[in-house]
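Engineer: Quick one: the structure is below, and I'll ask about it shortly.
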Amino acid sequence: MRLTTSRFGRIEIDAGDVIRFPSGLPGLEDCREWALLADSSNEALGWLQCISRPDVALAVVSPRRFVPDYQVRIPRSELTPLALSDIRQAQVVAVVGTTGASLTLNLKAPIVINVEARTGRQVVASGDLPLHYELTPNRQPLRKSA
Amino acid sequence: MLVLSRQRDESIMIGDNIVVTIVDIRGDKVRLGINAPAEVPVHRQEVYEAIQRENIRAARLGPGDTENIGRFANRGSGQPREPGSR
């Protein structure tokens with residue numbers, strides 16, 4: 001399918017690459033279908049582009065790439081809807097945000113994608129994890145989760 | 001708002017498949033047990049609202065905002081997959 005997006009112009013998305021989020025995302029409940037795009041200039045970055053709203057896209061990264069000691073614990077009830085038969089089917093990404101002039105990662109509510117089934121869900125991780133983990137050249141220690 | 005009085009170990013039912021049980025009461029803190037179908041998300045309200053706000057803000061970011069993110073990344077694998085690279 002062809003999509004005209006506000007950020008990336010016209011893009012072509014294979015129907016098999018559409019990822020369904022049956023519950024949408026908090027605050028973006030009407031966005032049920034997304035596509036994960038690679039960033040053209042930054043290999044560490046991807047974009048989750050909403051299919052139905054061309055102006056909505058979330059910058060996402062693999063959190064381990066930026067926070068090596070990030071260990072995410074997700075309540076079973078949060079993962080059940082994804083019907084993962086094997087945890088290796090799961091791809092975990094964190095949403096990039098900003099605080100002031102800094103880029104941040106939402107480590108509290110990562111997005112989990114069932115790569116095989118092409119379904120996704122934003123989950124709330126257990127423990128004391130920051131919603132705004134600031135990216136700095138000198139890595140900040142991650143608070144240990146409770 | 002419907003207001004009900006309950007004691008420890010008593011429950012309320014919401015619809016026919018959600019049960020909220022008062023597990024413990026200590027001072028001004030109440031511990032609740034919630035039994036709900038897997039497809040019904042259950043969240044602490046203030047956490048959920050903070051995530052909503054964060055998503056709405058994050059959805060306004062564009063490639064111009066993230067162009068320097070690479071300098072915070074470690075080298076190695078783990079980048080998001082490209083479409084079709086299953």
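If you're wondering about the labels, chains in the structure tokens are A, B, ... by order shown, residues count from 1 in each chain, ligands from 1 in order shown.
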Enumerate as an NGL selection string all residues of region 1-36 of chain B assigned to strand (DSSP E or B) by DSSP on the backbone, naming them with the chain letters and numbers the document uses.

Structural biologist: :B and (11-14 or 18-26 or 29-35)

Engineer: Can you check which residues of chain A have any atom within 7 Å of chain B? Use only C-alpha atoms and format it as a list in words.

Structural biologist: Arg7, Asp17, Pro26, Gly27, Leu28, Leu36, Leu37, Ala38, Asn42, Glu43, Ala44, Leu45, Gly46, Val56, Ala57, Leu58, Val61, Ser62, Arg65, Phe66, Ser77, Thr80, Pro81, Val96, Gly97, Leu135, Thr136 and Pro137 of chain A

Engineer: Using only C-alpha atoms, which residues sit within 9 Å of Val93 (chain A) once same-chain residues fewer than 5 positions away are excluded, as a list in words?

Structural biologist: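 The residues satisfying every condition are Val60, Val61, Ser62, Pro63, Arg64, Pro110, Ile111, Val112 and Ile113 of chain A; Pro80 of chain B.
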
Engineer: Would you mind listing what lies within 10 Å of Ile11 (chain A) as a PDB file with N, CA and C atoms, in the first residue's frame, with only C-alpha atoms counted and same-chain residues fewer than 5 positions away left out?

Structural biologist:
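As a result, part.pdb now contains:
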ATOM      1  N   MET A   1       0.849  -1.198   0.000  1.00  0.00           N
ATOM      2  CA  MET A   1       0.000   0.000   0.000  1.00  0.00           C
ATOM      3  C   MET A   1       0.877   1.237   0.000  1.00  0.00           C
ATOM      4  N   ARG A   2       0.327   2.297  -0.537  1.00  0.00           N
ATOM      5  CA  ARG A   2       1.097   3.534  -0.608  1.00  0.00           C
ATOM      6  C   ARG A   2       0.536   4.519   0.422  1.00  0.00           C
ATOM      7  N   LEU A   3       1.441   5.232   1.060  1.00  0.00           N
ATOM      8  CA  LEU A   3       1.056   6.117   2.156  1.00  0.00           C
ATOM      9  C   LEU A   3       1.776   7.444   1.961  1.00  0.00           C
ATOM     10  N   THR A   4       1.073   8.539   2.159  1.00  0.00           N
ATOM     11  CA  THR A   4       1.742   9.838   2.122  1.00  0.00           C
ATOM     12  C   THR A   4       1.844  10.353   3.552  1.00  0.00           C
ATOM     13  N   THR A   5       3.060  10.380   4.078  1.00  0.00           N
ATOM     14  CA  THR A   5       3.265  10.732   5.481  1.00  0.00           C
ATOM     15  C   THR A   5       3.801  12.159   5.582  1.00  0.00           C
ATOM     16  N   LEU A  37       9.564   1.567  10.249  1.00  0.00           N
ATOM     17  CA  LEU A  37      10.440   2.009   9.163  1.00  0.00           C
ATOM     18  C   LEU A  37      11.844   2.227   9.705  1.00  0.00           C
TER      19      LEU A  37
END

Engineer: In Å, how far is it from CA of Leu131 (chain A) to CA of Gln49 (chain A)?

Structural biologist: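 CA of Leu131 (chain A) sits 21.0 Å away from CA of Gln49 (chain A).
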
Engineer: DSSP on the backbone, then: every residue of chain B marked alpha helix (DSSP H), written as a PyMOL selection string.

Structural biologist: chain B and resi 45-58+63-66

Engineer: Env of Ala125 (chain A): 9 Å cut, atoms = only C-alpha atoms, seq-sep filter 5 positions within chain, self excluded. Answer as JSON, numbers by chain.

Structural biologist: {"A": [72, 73, 74, 75, 78, 107, 108, 109, 110]}

Engineer: What's the separation between CA of Cys31 (chain A) and CA of Ser85 (chain A), in Å to one decimal place?

Structural biologist: 25.3 Å
